[in-house]
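A.B. asks: I'm passing along target_20.txt; it holds compact mmCIF, C-alpha atoms and all ligand atoms.
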# COMPACT_ATOMS: atom_id res chain seq x y z
CA MET A 1 -19.35 0.47 11.87
CA THR A 2 -16.20 1.54 10.12
CA SER A 3 -14.01 -1.06 8.49
CA ILE A 4 -10.97 1.24 8.54
CA VAL A 5 -8.39 0.45 11.21
CA ARG A 6 -7.22 3.64 12.89
CA ASN A 7 -4.07 4.35 14.91
CA GLN A 8 -1.96 2.96 12.08
CA TRP A 9 0.53 4.16 9.50
CA TYR A 10 -0.68 4.19 5.90
CA VAL A 11 1.13 4.89 2.65
CA ALA A 12 -0.29 8.15 1.28
CA ALA A 13 1.95 8.69 -1.73
CA TYR A 14 5.31 8.07 -3.30
CA GLY A 15 7.87 10.68 -2.32
CA ARG A 16 8.20 11.60 -6.00
CA GLU A 17 4.55 12.73 -6.08
CA ILE A 18 5.08 15.49 -3.54
CA GLY A 19 7.00 18.67 -4.29
CA ARG A 20 6.39 22.38 -4.23
CA ASP A 21 2.89 22.00 -5.71
CA LEU A 22 -0.02 21.60 -3.30
CA PHE A 23 -1.14 17.97 -3.42
CA SER A 24 -4.26 16.46 -1.91
CA ARG A 25 -5.26 12.85 -1.39
CA THR A 26 -8.03 11.25 0.63
CA ILE A 27 -6.63 8.70 3.08
CA CYS A 28 -8.99 6.68 5.29
CA GLY A 29 -11.76 9.18 4.53
CA GLU A 30 -9.66 12.20 5.50
CA SER A 31 -8.71 14.77 2.90
CA ILE A 32 -5.04 15.53 3.48
CA LEU A 33 -2.86 18.27 1.99
CA PHE A 34 0.81 17.49 1.28
CA TRP A 35 3.66 19.76 0.23
CA ARG A 36 7.41 20.02 0.72
CA THR A 37 9.08 22.78 2.67
CA GLU A 38 11.92 24.69 1.07
CA ALA A 39 14.27 22.39 3.00
CA GLY A 40 12.58 19.36 1.40
CA ALA A 41 10.55 17.97 4.31
CA VAL A 42 7.09 16.56 3.54
CA THR A 43 4.21 18.15 5.48
CA ALA A 44 0.75 16.64 5.99
CA MET A 45 -2.24 18.63 7.20
CA SER A 46 -5.98 18.83 6.72
CA ASP A 47 -6.97 19.99 3.26
CA ARG A 48 -9.83 22.14 4.61
CA CYS A 49 -9.31 25.76 5.59
CA VAL A 50 -10.59 26.36 9.12
CA HIS A 51 -12.39 29.49 7.92
CA ARG A 52 -14.95 28.30 5.36
CA ARG A 53 -13.46 24.91 4.46
CA PHE A 54 -12.03 25.89 1.08
CA PRO A 55 -9.69 23.05 -0.03
CA LEU A 56 -6.14 24.30 0.27
CA ALA A 57 -4.98 22.20 -2.66
CA GLU A 58 -7.43 24.07 -4.94
CA LYS A 59 -6.25 27.03 -6.96
CA PRO A 60 -5.83 29.90 -6.26
CA SER A 61 -4.50 28.58 -2.91
CA HIS A 62 -0.72 28.63 -3.14
CA LEU A 63 2.58 28.37 -1.30
CA VAL A 64 4.60 31.36 -0.21
CA GLY A 65 7.90 30.10 1.17
CA ASP A 66 6.99 27.66 3.93
CA THR A 67 3.40 28.88 4.30
CA VAL A 68 0.24 27.97 2.43
CA VAL A 69 -2.20 30.76 1.62
CA CYS A 70 -5.88 29.86 1.29
CA GLY A 71 -7.14 30.92 -2.12
CA TYR A 72 -10.52 32.07 -0.80
CA HIS A 73 -9.83 34.77 1.84
CA GLY A 74 -6.13 34.40 2.54
CA PHE A 75 -5.83 32.57 5.86
CA THR A 76 -2.16 31.59 5.95
CA TYR A 77 -0.75 28.45 7.59
CA GLY A 78 2.75 27.31 8.50
CA ALA A 79 4.24 23.86 7.87
CA ASP A 80 2.85 22.70 11.24
CA GLY A 81 -0.68 23.71 10.20
CA VAL A 82 -0.84 26.63 12.63
CA CYS A 83 -2.48 29.75 11.18
CA VAL A 84 -0.02 32.64 11.14
CA ALA A 85 -2.08 35.35 9.42
CA VAL A 86 -5.73 36.18 8.74
CA PRO A 87 -7.09 39.07 6.70
CA GLY A 88 -8.42 42.31 8.24
CA GLN A 89 -7.02 41.90 11.77
CA THR A 90 -3.70 41.34 13.46
CA ARG A 91 -4.97 38.89 16.10
CA VAL A 92 -4.99 35.30 14.88
CA PRO A 93 -7.57 33.19 16.76
CA ARG A 94 -5.82 30.61 18.91
CA THR A 95 -7.96 27.79 17.53
CA ALA A 96 -7.00 28.62 13.96
CA ARG A 97 -4.92 25.59 13.14
CA LEU A 98 -5.23 22.78 10.65
CA ARG A 99 -5.08 19.27 11.93
CA SER A 100 -1.56 18.10 11.16
CA TYR A 101 -0.56 14.48 10.67
CA PRO A 102 2.61 12.64 11.67
CA VAL A 103 4.42 11.91 8.43
CA VAL A 104 7.49 9.80 7.60
CA GLU A 105 9.23 9.51 4.25
CA GLN A 106 10.89 6.11 3.99
CA ASP A 107 11.63 3.45 1.36
CA SER A 108 10.27 5.77 -1.38
CA PHE A 109 6.87 6.00 0.37
CA VAL A 110 5.27 8.85 2.29
CA TRP A 111 3.52 7.38 5.32
CA VAL A 112 0.89 9.21 7.42
CA PHE A 113 -0.47 8.19 10.78
CA ILE A 114 -4.25 8.02 10.83
CA GLY A 115 -5.83 8.19 14.27
CA ASP A 116 -4.74 9.51 17.62
CA THR A 117 -1.56 11.46 16.90
CA VAL A 118 -0.04 10.88 20.33
CA LEU A 119 0.10 7.15 19.58
CA SER A 120 2.15 7.51 16.41
CA SER A 121 5.52 7.09 18.11
CA SER A 122 4.44 3.79 19.67
CA VAL A 123 3.53 2.22 16.32
CA PRO A 124 6.53 1.36 14.11
CA VAL A 125 6.48 2.50 10.50
CA PRO A 126 6.60 -0.69 8.39
CA ARG A 127 9.67 -1.15 6.19
CA ALA A 128 10.07 -2.05 2.54
CA PRO A 129 13.80 -1.39 2.19
CA TRP A 130 14.32 -2.98 -1.26
CA LEU A 131 12.39 -0.14 -2.91
CA ALA A 132 15.23 2.32 -2.30
CA ARG A 133 18.29 0.20 -1.73
CA ASP A 134 21.55 -0.19 -3.63
CA GLY A 135 21.64 -3.44 -5.56
CA TRP A 136 17.94 -3.31 -6.39
CA THR A 137 15.96 -1.72 -9.21
CA THR A 138 12.30 -0.88 -8.67
CA VAL A 139 9.30 -0.09 -10.84
CA SER A 140 6.13 1.12 -9.14
CA GLY A 141 2.71 2.69 -9.55
CA ARG A 142 -0.70 3.21 -8.00
CA GLU A 143 -4.09 2.20 -9.29
CA PRO A 144 -7.43 3.39 -7.95
CA LEU A 145 -9.63 0.54 -6.77
CA ALA A 146 -13.38 1.05 -6.42
CA ALA A 147 -13.58 -1.64 -3.76
CA ARG A 148 -13.03 -1.90 -0.03
CA ALA A 149 -9.49 -2.59 1.14
CA SER A 150 -10.38 -5.98 2.64
CA LEU A 151 -11.10 -7.35 -0.83
CA LEU A 152 -7.56 -6.51 -1.92
CA VAL A 153 -6.19 -8.16 1.22
CA ASP A 154 -8.15 -11.33 0.43
CA ASN A 155 -6.88 -11.19 -3.13
CA LEU A 156 -3.20 -10.83 -2.25
CA MET A 157 -3.24 -13.42 0.53
CA ASP A 158 -4.45 -16.15 -1.80
CA LEU A 159 -2.24 -16.33 -4.87
CA SER A 160 -3.95 -19.42 -6.24
CA HIS A 161 -5.98 -16.91 -8.24
CA GLU A 162 -2.86 -16.24 -10.34
CA THR A 163 -3.53 -19.43 -12.26
CA TYR A 164 -6.97 -18.28 -13.31
CA LEU A 165 -7.05 -14.48 -13.27
CA HIS A 166 -3.46 -13.93 -14.39
CA GLY A 167 -2.79 -16.82 -16.79
CA GLY A 168 -0.32 -15.72 -19.46
CA TYR A 169 1.36 -13.26 -17.07
CA ILE A 170 2.25 -14.74 -13.68
CA GLY A 171 -0.08 -17.70 -13.39
CA THR A 172 0.79 -21.30 -14.19
CA PRO A 173 -1.05 -24.49 -13.14
CA GLU A 174 1.46 -25.19 -10.33
CA VAL A 175 0.44 -22.12 -8.32
CA ALA A 176 -3.10 -23.32 -7.75
CA GLU A 177 -1.96 -26.96 -7.37
CA THR A 178 0.66 -26.39 -4.67
CA PRO A 179 -0.52 -26.31 -1.04
CA ILE A 180 0.42 -23.39 1.21
CA THR A 181 1.77 -23.13 4.72
CA THR A 182 0.49 -20.33 6.94
CA GLU A 183 2.10 -18.83 10.02
CA VAL A 184 0.69 -16.13 12.27
CA ASP A 185 3.06 -14.05 14.39
CA ASP A 186 0.80 -12.03 16.65
CA GLU A 187 3.66 -10.43 18.52
CA ALA A 188 5.28 -9.04 15.36
CA GLY A 189 1.88 -8.43 13.76
CA VAL A 190 2.68 -10.48 10.66
CA VAL A 191 0.87 -13.17 8.69
CA ARG A 192 3.13 -15.34 6.53
CA VAL A 193 1.97 -17.57 3.71
CA SER A 194 4.41 -19.70 1.74
CA ARG A 195 4.01 -21.68 -1.42
CA ARG A 196 7.14 -23.38 -2.67
CA MET A 197 7.02 -24.99 -6.07
CA ALA A 198 9.96 -27.33 -6.75
CA ASP A 199 9.36 -27.87 -10.44
CA ALA A 200 7.11 -25.40 -12.19
CA ALA A 201 6.60 -23.78 -15.56
CA CYS A 202 8.19 -20.34 -15.86
CA PRO A 203 5.48 -17.75 -16.54
CA PRO A 204 6.16 -14.97 -19.08
CA PHE A 205 6.58 -12.39 -16.28
CA TYR A 206 9.71 -14.19 -15.09
CA ALA A 207 10.86 -15.81 -18.35
CA ASN A 208 11.08 -12.44 -20.11
CA SER A 209 12.74 -10.65 -17.21
CA THR A 210 15.25 -13.33 -16.12
CA GLY A 211 15.89 -15.10 -19.42
CA LEU A 212 15.20 -18.51 -17.84
CA THR A 213 13.60 -20.84 -20.32
CA GLY A 214 13.19 -24.26 -18.72
CA ARG A 215 11.40 -25.49 -15.61
CA ILE A 216 11.98 -23.47 -12.46
CA THR A 217 11.97 -23.67 -8.71
CA ARG A 218 9.54 -20.93 -7.67
CA TRP A 219 9.08 -19.75 -4.12
CA GLN A 220 6.37 -17.35 -3.04
CA ASP A 221 6.79 -16.23 0.56
CA ILE A 222 4.22 -13.64 1.61
CA GLU A 223 4.61 -11.38 4.61
CA TYR A 224 1.60 -9.21 5.39
CA ARG A 225 1.74 -6.58 8.12
CA PRO A 226 -1.86 -5.52 8.61
CA PRO A 227 -3.31 -3.22 7.75
CA CYS A 228 -1.21 -1.57 5.04
CA LEU A 229 1.97 -3.35 3.97
CA TYR A 230 2.17 -6.56 1.97
CA THR A 231 5.36 -8.09 0.56
CA LEU A 232 5.73 -11.13 -1.66
CA HIS A 233 9.30 -12.42 -1.53
CA SER A 234 9.60 -14.19 -4.86
CA ARG A 235 12.52 -16.51 -5.60
CA ILE A 236 13.05 -17.91 -9.11
CA ALA A 237 15.82 -20.36 -10.03
CA PRO A 238 16.41 -23.18 -12.51
CA ALA A 239 14.58 -26.30 -11.24
CA GLY A 240 16.51 -27.96 -8.45
CA VAL A 241 18.75 -24.98 -7.65
CA LEU A 242 18.50 -24.14 -3.95
CA PRO A 243 20.20 -21.53 -1.73
CA ASN A 244 23.58 -22.47 -0.24
CA ASP A 245 23.80 -23.71 3.35
CA ASP A 246 25.14 -20.31 4.46
CA GLY A 247 22.05 -18.60 3.05
CA THR A 248 23.74 -17.10 0.00
CA ASP A 249 21.77 -17.59 -3.16
CA PRO A 250 23.84 -16.49 -6.17
CA ASP A 251 22.08 -18.57 -8.81
CA ALA A 252 18.55 -17.37 -8.10
CA PHE A 253 16.64 -14.29 -9.15
CA HIS A 254 14.90 -12.38 -6.36
CA VAL A 255 11.90 -10.14 -6.75
CA GLU A 256 10.19 -8.25 -3.95
CA VAL A 257 6.60 -7.46 -4.90
CA VAL A 258 5.31 -4.83 -2.51
CA TYR A 259 1.75 -3.59 -2.13
CA ALA A 260 0.56 -0.81 0.14
CA ILE A 261 -3.15 -1.21 0.73
CA THR A 262 -4.50 2.18 1.78
CA PRO A 263 -8.23 2.79 2.21
CA GLU A 264 -9.35 5.94 0.42
CA THR A 265 -12.87 5.60 1.80
CA GLU A 266 -14.86 2.69 3.23
CA HIS A 267 -15.47 1.49 -0.33
CA SER A 268 -12.44 2.57 -2.31
CA THR A 269 -8.72 1.88 -2.01
CA HIS A 270 -5.36 3.16 -3.19
CA ASP A 271 -3.57 0.14 -4.64
CA PHE A 272 0.14 1.04 -4.48
CA TRP A 273 2.32 -1.60 -6.16
CA ALA A 274 6.06 -1.94 -6.58
CA VAL A 275 8.34 -4.60 -8.07
CA ALA A 276 11.98 -4.58 -6.94
CA ARG A 277 14.54 -6.95 -8.49
CA ASP A 278 18.16 -7.85 -7.81
CA PHE A 279 19.10 -8.65 -11.42
CA ALA A 280 19.32 -6.78 -14.74
CA LEU A 281 19.65 -3.65 -12.63
CA ASP A 282 20.43 -1.26 -15.47
CA ASP A 283 18.31 -2.92 -18.15
CA GLN A 284 15.61 -0.40 -19.05
CA GLY A 285 13.90 -2.99 -21.27
CA VAL A 286 13.42 -5.28 -18.25
CA SER A 287 12.14 -2.34 -16.18
CA ASP A 288 9.64 -1.36 -18.88
CA PHE A 289 8.50 -4.96 -19.27
CA LEU A 290 8.01 -5.54 -15.54
CA ALA A 291 6.23 -2.21 -15.08
CA GLU A 292 3.85 -2.88 -17.95
CA SER A 293 3.24 -6.53 -16.96
CA ASN A 294 2.68 -5.82 -13.29
CA ARG A 295 0.34 -2.93 -14.04
CA THR A 296 -1.64 -5.25 -16.33
CA VAL A 297 -1.82 -7.85 -13.54
CA VAL A 298 -2.89 -5.21 -11.01
CA LEU A 299 -5.60 -4.01 -13.38
CA GLN A 300 -6.86 -7.59 -13.83
CA ASP A 301 -7.31 -7.69 -10.05
CA VAL A 302 -8.85 -4.20 -9.98
CA THR A 303 -11.41 -5.21 -12.59
CA ALA A 304 -12.37 -8.34 -10.64
CA LEU A 305 -12.50 -6.58 -7.26
CA ASP A 306 -14.55 -3.68 -8.62
CA VAL A 307 -17.11 -6.28 -9.73
CA LEU A 308 -17.01 -7.97 -6.31
CA GLU A 309 -17.53 -4.65 -4.51
CA ARG A 310 -20.65 -3.96 -6.56
CA VAL A 311 -21.96 -7.46 -5.85
CA ILE A 312 -21.32 -7.19 -2.10
CA ALA A 313 -22.76 -3.68 -1.85
CA ALA A 314 -25.97 -4.83 -3.53
CA GLU A 315 -26.49 -7.92 -1.39
CA SER A 316 -27.89 -8.13 2.10
CA ASP A 317 -25.59 -8.97 5.00
CA GLY A 318 -25.29 -12.53 6.18
CA TYR A 319 -24.00 -14.22 3.04
CA GLN A 320 -22.16 -17.33 4.14
CA GLU A 321 -18.84 -17.66 2.34
CA LEU A 322 -17.28 -21.06 1.88
CA SER A 323 -13.57 -21.20 2.69
CA ILE A 324 -11.01 -23.92 1.93
CA ASN A 325 -7.31 -24.50 2.62
CA ILE A 326 -6.14 -21.76 0.21
CA ASP A 327 -8.00 -19.21 2.35
CA THR A 328 -6.07 -19.88 5.56
CA GLY A 329 -3.79 -16.86 5.12
CA GLY A 330 -6.64 -14.54 4.20
CA LEU A 331 -8.69 -15.66 7.20
CA ALA A 332 -5.70 -15.15 9.50
CA ALA A 333 -5.27 -11.65 8.09
CA ARG A 334 -8.93 -10.89 8.75
CA ARG A 335 -8.57 -11.98 12.37
CA MET A 336 -5.48 -9.83 12.87
CA ILE A 337 -7.20 -6.81 11.30
CA ALA A 338 -10.24 -7.33 13.52
CA ARG A 339 -7.99 -7.37 16.59
CA LEU A 340 -6.22 -4.17 15.52
CA ALA A 341 -9.60 -2.52 14.90
CA ALA A 342 -10.89 -3.55 18.32
CA ALA A 343 -7.73 -2.24 19.99
CA ALA A 344 -8.04 1.10 18.20
CA ASP A 345 -11.73 1.49 18.91
CA PRO A 346 -12.57 -0.56 22.02
CA ALA A 347 -16.08 0.80 22.59
CA PRO A 348 -17.54 2.25 19.39
CA ALA A 349 -20.79 4.19 19.77
CA GLY A 350 -23.91 2.05 19.65
CA ARG A 351 -22.29 -1.13 20.87
S1 LIG A 401 -12.07 29.63 3.34
FE1 LIG A 401 -9.96 29.84 3.56
S2 LIG A 401 -9.69 31.89 4.08
FE2 LIG A 401 -11.82 31.71 3.92
FE FE A 402 -3.82 -10.86 -8.50
Before anything else, please render the file you have as structure tokens.
C.D. replies:
Amino acid sequence: MTSIVRNQWYVAAYGREIGRDLFSRTICGESILFWRTEAGAVTAMSDRCVHRRFPLAEKPSHLVGDTVVCGYHGFTYGADGVCVAVPGQTRVPRTARLRSYPVVEQDSFVWVFIGDTVLSSSVPVPRAPWLARDGWTTVSGREPLAARASLLVDNLMDLSHETYLHGGYIGTPEVAETPITTEVDDEAGVVRVSRRMADAACPPFYANSTGLTGRITRWQDIEYRPPCLYTLHSRIAPAGVLPNDDGTDPDAFHVEVVYAITPETEHSTHDFWAVARDFALDDQGVSDFLAESNRTVVLQDVTALDVLERVIAAESDGYQELSINIDTGGLAARRMIARLAAAADPAPAGR
């Protein structure tokens, strides 16, 4: 049975990746072609010509105005995926159309809806507004992960691993030592996990970007909207400095760490990561440092999860995991994902 939750929006790309070149990416096992119209709108359609399945992102396929011409025999498709011309005859078969996908460009991401297209308007596109908002500066990237998406969800929901896997970058002893609180909002479809450290060491990731040198108050408030969007609201301040009663927080540094967890296949994942900050907005040195550090941290996770995927794939089903308090958020996320999967596919074949 598939582990991919359908009837959901997934991040397929950053807007900056898609222009007037044909661009293909596999999302949830589906090979999707993206390009921008002359007016700048992103299109998303199947990357397989209906004629003999030649990939439309492969040369010599090419764009002519707002049509894409298959590089094998010249079938030509409009921005809606409908075939408008075929070679050797004037009549275009009525069934000659590429599957087209609902697509939304928002918060620097390009989202596609995977599943039953008619449901797309009833499922809100998740928001990550800091990534393209005045008063914030963002660095971002994408790493390929040779592991199933659920392993990345587990990883991000339990940040106690920072102490061990990411020591010297974002991990300090207090992360693993501090208990979490977990909250599940089924109505909103959100799992929240908070870890608030009142007096912690400042890890290099934050010391070098904020300039803080002493002990800090460090808050990690996770919001995960299964299946795709994960945000870590990170608040850093000198130890003992708290927000004002009216909610303003001028003496703290705020970082929004955003991940989009998009299955490529059942066993591989696009790991989109972004770090938005509300300080040192124009400091390129801070941007370069955060980009390099976060990519290093992401790759530490990728290396570990690639190992885990190989272990899991080689072992028989039925392994009994042992879970403790730190896993509460991850287990809640698994339950929410299972519910979404059941809702999208209530009676899968063979059940
Ligand atoms: S495969 Fe595309 S036109 Fe023949
Ligand atoms: Fe990590």
A.B. asks: Let me see if you get this right: every residue at most 7 Å from ligand LIG 401 (chain A), counting only C-alpha atoms and all ligand atoms, written as number ranges by chain.
C.D. replies: A: 49-54, 70-75
A.B. asks: Can you pull out every residue with an atom within 10 Å of ligand FE 402 (chain A)? Use all atoms listed in the file and format it as a ChimeraX atom specification.
C.D. replies: /A:152,154-166,170-171,294,296-302,304-305
A.B. asks: Quick one: which stretch 255-287 of chain A residues come within 12 Å of stretch 198-205 of chain A, and what is the nearest atom pair for each with the distance in Å to one decimal, counting all atoms listed in the file, rows ordered by chain and ascending number, as JSON lines?
C.D. replies:
{"residue": "A:Val255", "atom": "CA", "partner": "A:Phe205", "partner_atom": "CA", "distance": 11.1}
{"residue": "A:Val275", "atom": "CA", "partner": "A:Phe205", "partner_atom": "CA", "distance": 11.5}
{"residue": "A:Val286", "atom": "CA", "partner": "A:Phe205", "partner_atom": "CA", "distance": 10.1}
{"residue": "A:Ser287", "atom": "CA", "partner": "A:Phe205", "partner_atom": "CA", "distance": 11.5}
A.B. asks: Do a neighbour search on A:Tyr259 at 6 Å with all atoms listed in the file, toss out local chain neighbours closer than 2 positions, and write the hits as a PyMOL selection string.
C.D. replies: chain A and resi 230+272-273
A.B. asks: So that I can see what lies close to A:Gly141, please list as a list in words the residues with an atom at most 9 Å from it, counting only C-alpha atoms and leaving out residues fewer than 6 positions away in the same chain.
C.D. replies: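 Within the cut-off, the hits are Tyr14, Asp271, Phe272, Trp273, Ala274, Ala291 and Arg295 of chain A.
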A.B. asks: Produce a file of the selected residues containing C-alpha atoms, as a short mmCIF file (atom, residue, chain, number, x, y, z; two decimals), in the frame of the given file.
C.D. replies:
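The new file out-v3.cif reads:
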data_model
loop_
_atom_site.label_atom_id
_atom_site.label_comp_id
_atom_site.auth_asym_id
_atom_site.auth_seq_id
_atom_site.Cartn_x
_atom_site.Cartn_y
_atom_site.Cartn_z
CA TYR A 14 5.31 8.07 -3.30
CA ASP A 271 -3.57 0.14 -4.64
CA PHE A 272 0.14 1.04 -4.48
CA TRP A 273 2.32 -1.60 -6.16
CA ALA A 274 6.06 -1.94 -6.58
CA ALA A 291 6.23 -2.21 -15.08
CA ARG A 295 0.34 -2.93 -14.04
#
A.B. asks: Neighbours of A:Thr178 within 7 Å (only C-alpha atoms; same-chain residues fewer than 4 positions away dropped), as a ChimeraX atom specification?
C.D. replies: /A:174,195,197
A.B. asks: Taking only C-alpha atoms into account, name the residue in A:Ser46, A:Thr137, A:Ser61, A:Ser100 that is nearest to A:Gly29.
C.D. replies: A:Ser46
A.B. asks: Interatomic distance between atom CA of A:Val92 and atom CA of A:Asp80?
C.D. replies: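 We find that atom CA of A:Val92 and atom CA of A:Asp80 lie 15.3 Å from each other.
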A.B. asks: To one decimal place, how far is atom CA of A:Ala149 from atom CA of A:Met45 in Å?
C.D. replies: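 Separation of atom CA of A:Ala149 and atom CA of A:Met45: 23.2 Å.
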A.B. asks: Using all atoms listed in the file, list the residues that have an atom at most 8 Å from (-1.7, -16.7, 11.0), coordinates as in the file, as a PDB file with C-alpha atoms, in the coordinates of the input.
C.D. replies:
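The resulting file, point_0.pdb, is reproduced below:
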ATOM      1  CA  THR A 182       0.490 -20.330   6.940  1.00  0.00           C
ATOM      2  CA  GLU A 183       2.100 -18.830  10.020  1.00  0.00           C
ATOM      3  CA  VAL A 184       0.690 -16.130  12.270  1.00  0.00           C
ATOM      4  CA  ASP A 185       3.060 -14.050  14.390  1.00  0.00           C
ATOM      5  CA  ASP A 186       0.800 -12.030  16.650  1.00  0.00           C
ATOM      6  CA  VAL A 190       2.680 -10.480  10.660  1.00  0.00           C
ATOM      7  CA  VAL A 191       0.870 -13.170   8.690  1.00  0.00           C
ATOM      8  CA  ARG A 192       3.130 -15.340   6.530  1.00  0.00           C
ATOM      9  CA  THR A 328      -6.070 -19.880   5.560  1.00  0.00           C
ATOM     10  CA  GLY A 329      -3.790 -16.860   5.120  1.00  0.00           C
ATOM     11  CA  ALA A 332      -5.700 -15.150   9.500  1.00  0.00           C
ATOM     12  CA  ALA A 333      -5.270 -11.650   8.090  1.00  0.00           C
TER      13      ALA A 333
END
A.B. asks: How many Å lie between atom CA of A:Leu281 and atom CA of A:Ala13, rounded to one decimal?
C.D. replies: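 Calculated distance between atom CA of A:Leu281 and atom CA of A:Ala13 is 24.2 Å.
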A.B. asks: Please identify all polymer residues within 10 Å of stretch 277-280 of chain A, counting all atoms listed in the file, omitting same-chain residues fewer than 4 positions from it, and present them as a ChimeraX atom specification.
C.D. replies: /A:130-131,134-139,209-210,234,252-257,284-287,290
A.B. asks: Neighbouring residues of A:Ser24 were defined as those with any atom within 12 Å, considering all atoms listed in the file; residues of the same chain fewer than 2 positions away were excluded. Please report them as a list in words.
C.D. replies: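 Listing them by chain and then by number gives Ala12, Ala13, Glu17, Ile18, Gly19, Asp21, Leu22, Thr26, Ile27, Glu30, Ser31, Ile32, Leu33, Phe34, Trp35, Thr43, Ala44, Met45, Ser46, Asp47, Arg48, Pro55, Leu56, Ala57, Glu58, Lys59 and Glu264 of chain A.
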A.B. asks: Please produce an output containing C-alpha atoms for each residue in the selection, written as a PDB file, in the frame of the given file.
C.D. replies:
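What follows is the written file again-v2.pdb:
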ATOM      1  CA  ALA A  12      -0.290   8.150   1.280  1.00  0.00           C
ATOM      2  CA  ALA A  13       1.950   8.690  -1.730  1.00  0.00           C
ATOM      3  CA  GLU A  17       4.550  12.730  -6.080  1.00  0.00           C
ATOM      4  CA  ILE A  18       5.080  15.490  -3.540  1.00  0.00           C
ATOM      5  CA  GLY A  19       7.000  18.670  -4.290  1.00  0.00           C
ATOM      6  CA  ASP A  21       2.890  22.000  -5.710  1.00  0.00           C
ATOM      7  CA  LEU A  22      -0.020  21.600  -3.300  1.00  0.00           C
ATOM      8  CA  THR A  26      -8.030  11.250   0.630  1.00  0.00           C
ATOM      9  CA  ILE A  27      -6.630   8.700   3.080  1.00  0.00           C
ATOM     10  CA  GLU A  30      -9.660  12.200   5.500  1.00  0.00           C
ATOM     11  CA  SER A  31      -8.710  14.770   2.900  1.00  0.00           C
ATOM     12  CA  ILE A  32      -5.040  15.530   3.480  1.00  0.00           C
ATOM     13  CA  LEU A  33      -2.860  18.270   1.990  1.00  0.00           C
ATOM     14  CA  PHE A  34       0.810  17.490   1.280  1.00  0.00           C
ATOM     15  CA  TRP A  35       3.660  19.760   0.230  1.00  0.00           C
ATOM     16  CA  THR A  43       4.210  18.150   5.480  1.00  0.00           C
ATOM     17  CA  ALA A  44       0.750  16.640   5.990  1.00  0.00           C
ATOM     18  CA  MET A  45      -2.240  18.630   7.200  1.00  0.00           C
ATOM     19  CA  SER A  46      -5.980  18.830   6.720  1.00  0.00           C
ATOM     20  CA  ASP A  47      -6.970  19.990   3.260  1.00  0.00           C
ATOM     21  CA  ARG A  48      -9.830  22.140   4.610  1.00  0.00           C
ATOM     22  CA  PRO A  55      -9.690  23.050  -0.030  1.00  0.00           C
ATOM     23  CA  LEU A  56      -6.140  24.300   0.270  1.00  0.00           C
ATOM     24  CA  ALA A  57      -4.980  22.200  -2.660  1.00  0.00           C
ATOM     25  CA  GLU A  58      -7.430  24.070  -4.940  1.00  0.00           C
ATOM     26  CA  LYS A  59      -6.250  27.030  -6.960  1.00  0.00           C
ATOM     27  CA  GLU A 264      -9.350   5.940   0.420  1.00  0.00           C
TER      28      GLU A 264
END
A.B. asks: For a quick check of understanding, using all atoms listed in the file, which of A:Asp251, A:Leu242, A:Val112, A:Tyr77 has the smallest distance to A:Ala96?
C.D. replies: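 Residue with the minimum atom-to-atom distance to A:Ala96: A:Tyr77.
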A.B. asks: With distances taken over all atoms listed in the file, which residue among A:Leu63, A:Thr217, A:Ser293, A:Pro102 lies nearest A:Gly167?
C.D. replies: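 Result for the nearest residue to A:Gly167: A:Ser293.
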